[in-house]
Amino acid sequence: MEVYLIRHTTPNIAKGLIYGHLDVPLANTFETEKADILGRLPSNIDQIFSSPSTRCLELARALSTEVSTVHAIKELNFGLWEGLNWNEIDRKESEYWMEDFVNRCPPQGETLLEMQKRVLKFWQGLRDLPLQRVAIVTHAGVIRIILSHESNSPLNSIFDIQVNYGQLFTLTLNQ
């Protein structure tokens, strides 16, 4: 199975905004970015999966009128930090989290380990589907977890994986 991992296009947000589960609007570059992505995908995709975030769904619906929304491929839940700017949160709290972001979570958020568990449950389930080509429209964190898993890299090094807005990764899954 060919899998196309696609990060959503550029959001219209202030620099430094924390927006894992927060729904944010897309930048006015959406149409151009969408056309670029569509030009890099094959026309015969069997199934489109999307995070329920508007920034993903809008692109997914441009790929197909039939989209399966999957909550497991949402971005990290930053809890009480959602909608704040990084310079607005308590520095000691953020430093504590950043010391071990794999096992610690923002207040009322989730750990990266919890996120990995939900993402990989979805990822492993793909292998059971009788499909040839699948597109997944999601977030940088989800893509990093999948790429880290596929390359057997440690979870604490996922930020070494560069994932830009609108970037597309192609993987082959053995069923």
# chains A, B, ... in the order shown; residues from 1 in each chain; ligands from 1

$ residues_around --residues "stretch 69-72 of chain A" --least-positions-apart "5" --cutoff "6 Å" --atoms "only C-alpha atoms" --output "PDB file with N, CA, C and O atoms, in the first residue's frame"
ATOM      1  N   PHE A  49      -7.919   9.904   4.651  1.00  0.00           N
ATOM      2  CA  PHE A  49      -8.128  10.028   6.087  1.00  0.00           C
ATOM      3  C   PHE A  49      -7.680  11.424   6.490  1.00  0.00           C
ATOM      4  O   PHE A  49      -6.681  11.934   5.981  1.00  0.00           O
ATOM      5  N   SER A  50      -8.406  12.031   7.435  1.00  0.00           N
ATOM      6  CA  SER A  50      -8.059  13.376   7.861  1.00  0.00           C
ATOM      7  C   SER A  50      -8.255  13.543   9.359  1.00  0.00           C
ATOM      8  O   SER A  50      -9.196  12.981   9.943  1.00  0.00           O
ATOM      9  N   SER A  51      -7.398  14.349   9.934  1.00  0.00           N
ATOM     10  CA  SER A  51      -7.630  14.839  11.287  1.00  0.00           C
ATOM     11  C   SER A  51      -8.921  15.654  11.237  1.00  0.00           C
ATOM     12  O   SER A  51      -9.239  16.264  10.213  1.00  0.00           O
ATOM     13  N   PRO A  52      -9.680  15.710  12.336  1.00  0.00           N
ATOM     14  CA  PRO A  52     -10.899  16.524  12.343  1.00  0.00           C
ATOM     15  C   PRO A  52     -10.652  18.029  12.403  1.00  0.00           C
ATOM     16  O   PRO A  52     -11.589  18.812  12.262  1.00  0.00           O
ATOM     17  N   ARG A 118      -2.021   6.473  20.354  1.00  0.00           N
ATOM     18  CA  ARG A 118      -3.229   6.608  19.532  1.00  0.00           C
ATOM     19  C   ARG A 118      -2.902   6.663  18.043  1.00  0.00           C
ATOM     20  O   ARG A 118      -3.608   6.088  17.222  1.00  0.00           O
ATOM     21  N   VAL A 119      -1.799   7.342  17.693  1.00  0.00           N
ATOM     22  CA  VAL A 119      -1.407   7.445  16.281  1.00  0.00           C
ATOM     23  C   VAL A 119      -1.009   6.078  15.730  1.00  0.00           C
ATOM     24  O   VAL A 119      -1.445   5.681  14.642  1.00  0.00           O
TER      25      VAL A 119
END

$ select_by_dssp --residues "stretch 25-164 of chain A" --states "helix (DSSP H, G or I)" --output "ChimeraX atom specification"
/A:30-40,54-63,71-73,79-81,86-88,91-99,112-126,140-150,155-160

$ select_by_dssp --residues "stretch 24-116 of chain A" --states "strand (DSSP E or B)" --output "MDAnalysis selection string"
chainID A and resid 26 47:50 68:69 85

$ closest_residue --among "A:Lys34, A:Arg7, A:Arg40, A:His139" --to "A:Gly20" --atoms "only C-alpha atoms"
A:His139
